[in-house]
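Visitor: Next comes the structure file target34.cif, holding mmCIF, C-alpha atoms and all ligand atoms.
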```cif
data_start
loop_
_atom_site.label_atom_id
_atom_site.label_comp_id
_atom_site.auth_asym_id
_atom_site.auth_seq_id
_atom_site.Cartn_x
_atom_site.Cartn_y
_atom_site.Cartn_z
CA MET A 234 -18.50 -12.82 -12.25
CA PRO A 235 -17.24 -10.04 -9.92
CA ASN A 236 -15.32 -7.11 -11.39
CA ILE A 237 -12.14 -5.14 -10.82
CA GLU A 238 -11.97 -1.35 -10.75
CA THR A 239 -8.96 0.87 -10.09
CA ILE A 240 -8.84 4.21 -8.30
CA ILE A 241 -5.78 5.99 -9.68
CA SER A 242 -5.84 8.82 -7.11
CA PRO A 243 -7.47 9.40 -3.71
CA ALA A 244 -9.11 12.45 -5.33
CA LEU A 245 -11.36 10.00 -7.23
CA PHE A 246 -12.20 7.84 -4.22
CA HIS A 247 -15.59 9.53 -3.66
CA LEU A 248 -16.81 8.10 -7.00
CA HIS A 249 -16.46 4.58 -5.56
CA GLU A 250 -17.50 5.17 -1.98
CA GLU A 251 -21.21 4.44 -2.26
CA ASP A 252 -21.15 0.63 -2.36
CA ILE A 253 -17.69 0.07 -0.91
CA GLU A 254 -19.04 -2.15 1.87
CA HIS A 255 -19.60 -4.87 -0.74
CA LYS A 256 -16.09 -4.65 -2.15
CA ASN A 257 -12.63 -5.88 -1.30
CA VAL A 258 -10.14 -3.00 -1.33
CA VAL A 259 -6.41 -3.41 -1.88
CA VAL A 260 -4.61 -0.28 -0.68
CA ILE A 261 -1.48 0.33 -2.73
CA ASP A 262 1.43 2.60 -1.86
CA ILE A 263 4.38 0.79 -3.40
CA LEU A 264 6.84 3.62 -2.53
CA ARG A 265 6.69 3.01 0.35
CA ALA A 266 3.95 2.72 2.96
CA THR A 267 2.29 -0.54 1.95
CA THR A 268 5.67 -2.14 1.24
CA THR A 269 6.98 -1.02 4.61
CA ILE A 270 3.91 -2.43 6.38
CA CYS A 271 4.58 -5.82 4.74
CA VAL A 272 8.24 -5.69 5.80
CA ALA A 273 7.28 -4.81 9.39
CA PHE A 274 4.95 -7.81 9.65
CA ALA A 275 7.44 -10.12 7.92
CA ASN A 276 9.88 -9.06 10.65
CA GLY A 277 7.47 -9.84 13.47
CA ALA A 278 5.53 -6.62 14.19
CA LYS A 279 2.25 -7.41 16.00
CA GLU A 280 0.03 -4.50 14.96
CA ILE A 281 0.28 -1.27 12.98
CA LEU A 282 -2.08 1.57 13.78
CA PRO A 283 -2.38 4.01 10.87
CA VAL A 284 -2.88 7.51 12.26
CA SER A 285 -3.52 10.86 10.62
CA LYS A 286 -1.01 13.10 12.31
CA PRO A 287 2.48 12.78 13.82
CA GLU A 288 1.01 13.93 17.16
CA ASP A 289 -1.30 10.87 17.14
CA ALA A 290 1.71 8.57 16.71
CA ALA A 291 3.61 10.41 19.44
CA ALA A 292 0.68 9.87 21.83
CA MET A 293 0.97 6.09 21.33
CA GLN A 294 4.70 6.26 22.17
CA GLN A 295 3.70 7.00 25.77
CA LEU A 296 1.98 3.58 25.81
CA GLY A 297 5.10 1.72 24.68
CA TRP A 298 4.35 1.69 20.97
CA ILE A 299 6.95 2.53 18.31
CA ALA A 300 6.05 5.92 16.86
CA ALA A 301 6.77 6.24 13.14
CA ALA A 302 6.14 9.36 11.07
CA GLU A 303 7.00 10.39 7.52
CA ARG A 304 6.20 13.60 5.70
CA HIS A 305 7.34 14.53 2.17
CA GLY A 306 9.57 11.41 2.11
CA GLU A 307 11.50 12.21 5.27
CA THR A 308 11.36 10.94 8.85
CA VAL A 309 9.66 13.53 11.03
CA PRO A 310 12.29 14.70 13.56
CA GLY A 311 11.87 13.20 17.03
CA PHE A 312 10.21 9.96 15.90
CA ASP A 313 11.55 6.42 16.36
CA MET A 314 11.49 5.81 12.63
CA GLY A 315 10.09 7.01 9.35
CA ASN A 316 8.74 5.04 6.41
CA SER A 317 11.80 3.32 5.00
CA PRO A 318 11.43 -0.48 4.90
CA GLN A 319 15.06 -0.55 6.05
CA ASP A 320 14.01 0.97 9.39
CA TYR A 321 11.74 -2.01 10.16
CA SER A 322 14.31 -4.71 10.92
CA ALA A 323 13.41 -7.68 13.13
CA GLU A 324 15.71 -6.24 15.83
CA ARG A 325 13.56 -3.12 15.98
CA VAL A 326 10.02 -4.34 15.33
CA ASN A 327 9.71 -8.01 16.35
CA GLY A 328 6.84 -8.34 18.85
CA ARG A 329 6.17 -4.58 18.80
CA LYS A 330 3.12 -2.43 18.03
CA ILE A 331 3.69 0.54 15.75
CA ALA A 332 1.71 3.76 15.28
CA LEU A 333 2.43 5.02 11.75
CA THR A 334 1.57 8.14 9.82
CA THR A 335 2.69 8.74 6.22
CA THR A 336 1.87 11.34 3.60
CA ASN A 337 -0.46 9.23 1.45
CA GLY A 338 -0.58 5.54 2.38
CA THR A 339 -2.04 5.74 5.87
CA ARG A 340 -4.63 8.24 4.60
CA ALA A 341 -5.76 5.84 1.85
CA LEU A 342 -6.12 3.08 4.45
CA GLN A 343 -8.31 5.24 6.65
CA MET A 344 -10.45 6.26 3.65
CA SER A 345 -11.12 2.57 2.88
CA LYS A 346 -12.30 1.58 6.35
CA SER A 347 -15.92 0.76 5.39
CA ALA A 348 -15.00 -1.82 2.75
CA ARG A 349 -15.89 -5.51 3.01
CA ASN A 350 -12.18 -6.27 3.50
CA VAL A 351 -9.18 -3.93 3.35
CA TRP A 352 -5.89 -5.57 2.48
CA VAL A 353 -2.45 -3.99 2.27
CA GLY A 354 -0.84 -4.77 -1.08
CA SER A 355 2.74 -4.62 -2.30
CA PHE A 356 4.96 -6.57 -4.66
CA LEU A 357 6.29 -8.34 -1.55
CA ASN A 358 2.98 -10.09 -0.85
CA MET A 359 1.47 -10.16 -4.33
CA ASP A 360 0.53 -13.85 -4.38
CA ALA A 361 -1.00 -13.62 -0.89
CA ILE A 362 -3.17 -10.71 -2.08
CA CYS A 363 -4.25 -12.62 -5.21
CA LYS A 364 -5.11 -15.67 -3.14
CA ALA A 365 -7.29 -13.63 -0.78
CA LEU A 366 -9.08 -11.86 -3.65
CA LEU A 367 -9.72 -15.14 -5.45
CA SER A 368 -10.96 -16.97 -2.40
CA ASP A 369 -13.37 -14.21 -1.28
CA ASN A 370 -14.55 -13.69 -4.87
CA HIS A 371 -16.23 -10.27 -4.53
CA ASP A 372 -15.84 -7.06 -6.52
CA ILE A 373 -12.39 -5.53 -6.13
CA LEU A 374 -11.22 -1.94 -5.83
CA LEU A 375 -7.51 -1.40 -6.37
CA PHE A 376 -6.89 1.84 -4.51
CA CYS A 377 -3.69 3.66 -5.50
CA ALA A 378 -2.55 6.08 -2.79
CA GLY A 379 -0.68 8.26 -5.32
CA TRP A 380 1.18 11.35 -4.16
CA LYS A 381 -0.80 14.17 -2.58
CA ASP A 382 -3.85 13.31 -4.70
CA LYS A 383 -1.80 13.04 -7.89
CA PHE A 384 -1.52 9.94 -10.08
CA ASN A 385 1.74 8.02 -9.79
CA LEU A 386 3.33 5.35 -11.97
CA GLU A 387 4.35 2.77 -9.39
CA ASP A 388 0.97 2.28 -7.70
CA THR A 389 -0.86 2.05 -11.02
CA ILE A 390 1.70 -0.42 -12.40
CA TYR A 391 1.12 -2.66 -9.38
CA ALA A 392 -2.66 -2.38 -9.85
CA GLY A 393 -2.12 -3.48 -13.44
CA ALA A 394 0.03 -6.42 -12.35
CA LEU A 395 -2.67 -7.62 -9.94
CA ALA A 396 -5.50 -7.10 -12.44
CA ARG A 397 -3.62 -9.02 -15.11
CA LYS A 398 -3.07 -11.96 -12.79
CA LEU A 399 -6.78 -12.01 -11.92
CA SER A 400 -8.14 -11.31 -15.40
CA ALA A 401 -9.44 -14.84 -16.03
CA GLN A 402 -11.59 -14.80 -12.88
CA PHE A 403 -12.87 -11.20 -12.82
CA ILE A 404 -14.59 -8.87 -15.30
CA ILE A 405 -12.38 -5.96 -16.30
CA GLU A 406 -14.30 -3.27 -18.18
CA ASP A 407 -13.05 -0.28 -16.23
CA ASP A 408 -10.80 1.97 -18.33
CA ALA A 409 -8.54 2.79 -15.38
CA THR A 410 -7.85 -0.93 -14.84
CA LEU A 411 -7.31 -1.53 -18.56
CA ALA A 412 -4.83 1.37 -18.65
CA ALA A 413 -3.10 0.03 -15.52
CA ILE A 414 -2.62 -3.35 -17.24
CA ASP A 415 -1.13 -1.63 -20.31
CA LEU A 416 1.22 0.35 -18.09
CA TYR A 417 2.29 -2.80 -16.25
CA MET A 418 3.00 -4.54 -19.55
CA ALA A 419 5.18 -1.61 -20.64
CA ALA A 420 7.21 -1.87 -17.42
CA GLU A 421 7.25 -5.56 -16.52
CA ASN A 422 10.51 -6.57 -18.21
CA ASN A 423 12.55 -3.91 -16.45
CA MET A 424 10.54 -2.51 -13.59
CA ALA A 425 13.42 -0.73 -11.82
CA GLY A 426 14.60 0.76 -15.11
CA TYR A 427 11.12 1.87 -16.13
CA LEU A 428 10.53 3.54 -12.78
CA GLN A 429 13.66 5.70 -13.03
CA LYS A 430 11.44 8.36 -14.58
CA ALA A 431 8.84 8.20 -11.78
CA SER A 432 8.53 11.41 -9.76
CA HIS A 433 8.84 9.59 -6.44
CA VAL A 434 12.00 7.79 -7.56
CA ASN A 435 13.45 11.19 -8.40
CA ARG A 436 12.39 12.36 -4.95
CA PHE A 437 14.23 9.31 -3.53
CA LYS A 438 17.35 10.39 -5.42
CA SER A 439 17.26 13.88 -4.00
CA LEU A 440 16.79 12.43 -0.49
CA HIS A 441 19.54 9.78 -1.08
CA ILE A 442 17.18 6.89 -0.34
CA GLU A 443 17.33 5.16 -3.76
CA SER A 444 18.30 1.87 -2.13
CA ASP A 445 14.67 1.50 -0.97
CA LEU A 446 13.49 1.02 -4.56
CA ASP A 447 14.92 -2.50 -4.96
CA ILE A 448 13.37 -3.58 -1.66
CA CYS A 449 9.97 -2.27 -2.81
CA LEU A 450 10.14 -4.30 -6.04
CA LYS A 451 10.95 -7.69 -4.44
CA THR A 452 8.08 -9.89 -5.56
CA ASN A 453 6.61 -12.51 -3.23
CA SER A 454 9.17 -12.29 -0.47
CA THR A 455 6.43 -12.80 2.15
CA ASP A 456 3.07 -14.58 2.27
CA ILE A 457 1.69 -12.43 5.08
CA LEU A 458 -1.58 -10.66 4.35
CA PRO A 459 -1.91 -7.42 6.35
CA VAL A 460 -5.59 -6.83 7.14
CA PHE A 461 -6.95 -3.41 8.12
CA THR A 462 -9.88 -3.98 10.46
CA ASN A 463 -11.45 -2.02 13.33
CA GLY A 464 -9.02 0.85 12.76
CA SER A 465 -5.78 -1.11 12.90
CA ILE A 466 -3.68 -3.46 10.75
CA TYR A 467 -2.91 -7.03 11.77
CA PRO A 468 -0.88 -9.74 10.04
CA GLN A 469 -2.82 -12.70 8.71
CA ASN A 470 -0.60 -15.68 8.18
CA PRO A 471 -1.42 -18.22 5.44
O1 LIG B 501 3.04 8.80 1.21
C1 LIG B 501 3.31 7.76 1.75
O2 LIG B 501 2.50 7.12 2.37
C2 LIG B 501 4.74 7.32 1.71
O3 LIG B 501 4.81 6.04 1.23
C3 LIG B 501 5.63 8.28 1.00
S1 LIG B 501 7.30 7.98 1.22
O4 LIG B 501 7.75 6.95 0.33
O5 LIG B 501 7.58 7.63 2.58
O6 LIG B 501 7.97 9.22 0.86
#
```
In structure tokens, how does this file's structure come out?

Guide:
Amino acid sequence: MPNIETIISPALFHLHEEDIEHKNVVVIDILRATTTICVAFANGAKEILPVSKPEDAAAMQQLGWIAAAERHGETVPGFDMGNSPQDYSAERVNGRKIALTTTNGTRALQMSKSARNVWVGSFLNMDAICKALLSDNHDILLFCAGWKDKFNLEDTIYAGALARKLSAQFIIEDDATLAAIDLYMAAENNMAGYLQKASHVNRFKSLHIESDLDICLKTNSTDILPVFTNGSIYPQNP
């Protein structure tokens, strides 16, 4: 039986890098990059190119792409949009290609590029992610993007939710995954309430963007599976 392991911070990624080409990676940045990517595809975006620096996104703007950049939770001045899922309405993104850079999420995607498959996970497409992991049936790495190499609650809770759903079909002996499941079980009955103490939710409050939290916790609102392949992300429909 294949197994599930969880990377609770990008700072620990190097410990899992060696045999990553045999594993399926789910990149997780619940607040907000991987949620926002799911929203963009649900609203008709054609491709999302994760880039390292705002300048790289700006360069794509010259080619007709939407340039999106977030740093420290805020839209970088001069860009078409930042990283709020509310920016990615069908009116703005349908049929468009987007170059996106964020503080943590796009970096975690780029770090995962050598994996067997790299899928973009959020509560919004949770069942689609589970279906893909079950049907490919290889070892899984749940990669939490965290915040500037620090652990965060929301990504680990989502890793725990996924692992719990898959626990009958995969071996779970990894302590990080076991802890993630425990954390999920502590939060599951009142996710929004539990996350009020999360550092990024407090950052949201100081930036007056709390309304994004409810959007990021909507479970199974889309069945699109965003796939990161050959340097870019494309929507895979069921
Ligand atoms: O770091 C990231 O990738 C972002 O998701 C952070 S933020 O929610 O846009 O602040």

Visitor: Which of these, A:Arg329, A:Lys346, A:Lys381, A:His441, has the shortest distance to Glu254 in chain A once you count all atoms listed in the file?

Guide: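 For Glu254 in chain A, the nearest of the candidates is A:Lys346.
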
Visitor: Do you have the atom O1 of ligand LIG 501 (chain B)-CA of Glu251 in chain A distance handy?

Guide: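 Computing the Euclidean distance for atom O1 of ligand LIG 501 (chain B) and CA of Glu251 in chain A yields 24.9 Å.
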
Visitor: List all protein, DNA and RNA residues that have at least one atom no more than 8 Å from any atom of ligand LIG 501 (chain B), counting all atoms listed in the file, and write them as a PDB file with C-alpha atoms, in the coordinates of the input.

Guide:
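Output contents, as saved in part.pdb:
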```
ATOM      1  CA  ASP A 262       1.430   2.600  -1.860  1.00  0.00           C
ATOM      2  CA  ILE A 263       4.380   0.790  -3.400  1.00  0.00           C
ATOM      3  CA  LEU A 264       6.840   3.620  -2.530  1.00  0.00           C
ATOM      4  CA  ARG A 265       6.690   3.010   0.350  1.00  0.00           C
ATOM      5  CA  ALA A 266       3.950   2.720   2.960  1.00  0.00           C
ATOM      6  CA  THR A 267       2.290  -0.540   1.950  1.00  0.00           C
ATOM      7  CA  GLU A 303       7.000  10.390   7.520  1.00  0.00           C
ATOM      8  CA  ARG A 304       6.200  13.600   5.700  1.00  0.00           C
ATOM      9  CA  HIS A 305       7.340  14.530   2.170  1.00  0.00           C
ATOM     10  CA  GLY A 306       9.570  11.410   2.110  1.00  0.00           C
ATOM     11  CA  GLU A 307      11.500  12.210   5.270  1.00  0.00           C
ATOM     12  CA  GLY A 315      10.090   7.010   9.350  1.00  0.00           C
ATOM     13  CA  ASN A 316       8.740   5.040   6.410  1.00  0.00           C
ATOM     14  CA  SER A 317      11.800   3.320   5.000  1.00  0.00           C
ATOM     15  CA  THR A 334       1.570   8.140   9.820  1.00  0.00           C
ATOM     16  CA  THR A 335       2.690   8.740   6.220  1.00  0.00           C
ATOM     17  CA  THR A 336       1.870  11.340   3.600  1.00  0.00           C
ATOM     18  CA  ASN A 337      -0.460   9.230   1.450  1.00  0.00           C
ATOM     19  CA  GLY A 338      -0.580   5.540   2.380  1.00  0.00           C
ATOM     20  CA  THR A 339      -2.040   5.740   5.870  1.00  0.00           C
ATOM     21  CA  ARG A 340      -4.630   8.240   4.600  1.00  0.00           C
ATOM     22  CA  ALA A 378      -2.550   6.080  -2.790  1.00  0.00           C
ATOM     23  CA  GLY A 379      -0.680   8.260  -5.320  1.00  0.00           C
ATOM     24  CA  TRP A 380       1.180  11.350  -4.160  1.00  0.00           C
ATOM     25  CA  LYS A 381      -0.800  14.170  -2.580  1.00  0.00           C
ATOM     26  CA  HIS A 433       8.840   9.590  -6.440  1.00  0.00           C
ATOM     27  CA  ARG A 436      12.390  12.360  -4.950  1.00  0.00           C
ATOM     28  CA  PHE A 437      14.230   9.310  -3.530  1.00  0.00           C
TER      29      PHE A 437
END
```

Visitor: I'd like the neighbourhood of Pro287 in chain A as a PDB file with C-alpha atoms, keeping the file's coordinate frame, where a residue qualifies if any of its atoms comes within 8 Å (using all atoms listed in the file), though same-chain residues fewer than 5 positions away should be ignored.

Guide:
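Written file, out-v1.pdb:
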```pdb
ATOM      1  CA  ALA A 301       6.770   6.240  13.140  1.00  0.00           C
ATOM      2  CA  ALA A 302       6.140   9.360  11.070  1.00  0.00           C
ATOM      3  CA  VAL A 309       9.660  13.530  11.030  1.00  0.00           C
ATOM      4  CA  THR A 334       1.570   8.140   9.820  1.00  0.00           C
TER       5      THR A 334
END
```

Visitor: Just the number, please: distance in Å from CA of Ala244 in chain A to CA of Cys377 in chain A, one decimal.

Guide: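 A separation of 10.3 Å between them.
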
Visitor: So which one's closest to Asp388 in chain A, A:Ala365, A:Leu440, A:Ala278, A:Leu450? Using all atoms listed in the file, please.

Guide: A:Leu450

Visitor: Up to 10 Å from (12.5, 0.0, -2.2) in the file's coordinates: name the residues, counting all atoms listed in the file, as a list in words.

Guide: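 Those residues, ordered by chain and then number, are Ile263, Leu264, Arg265, Thr268, Thr269, Ser317, Pro318, Gln319, Ala425, Val434, Phe437, Ile442, Glu443, Ser444, Asp445, Leu446, Asp447, Ile448, Cys449, Leu450 and Lys451 of chain A.
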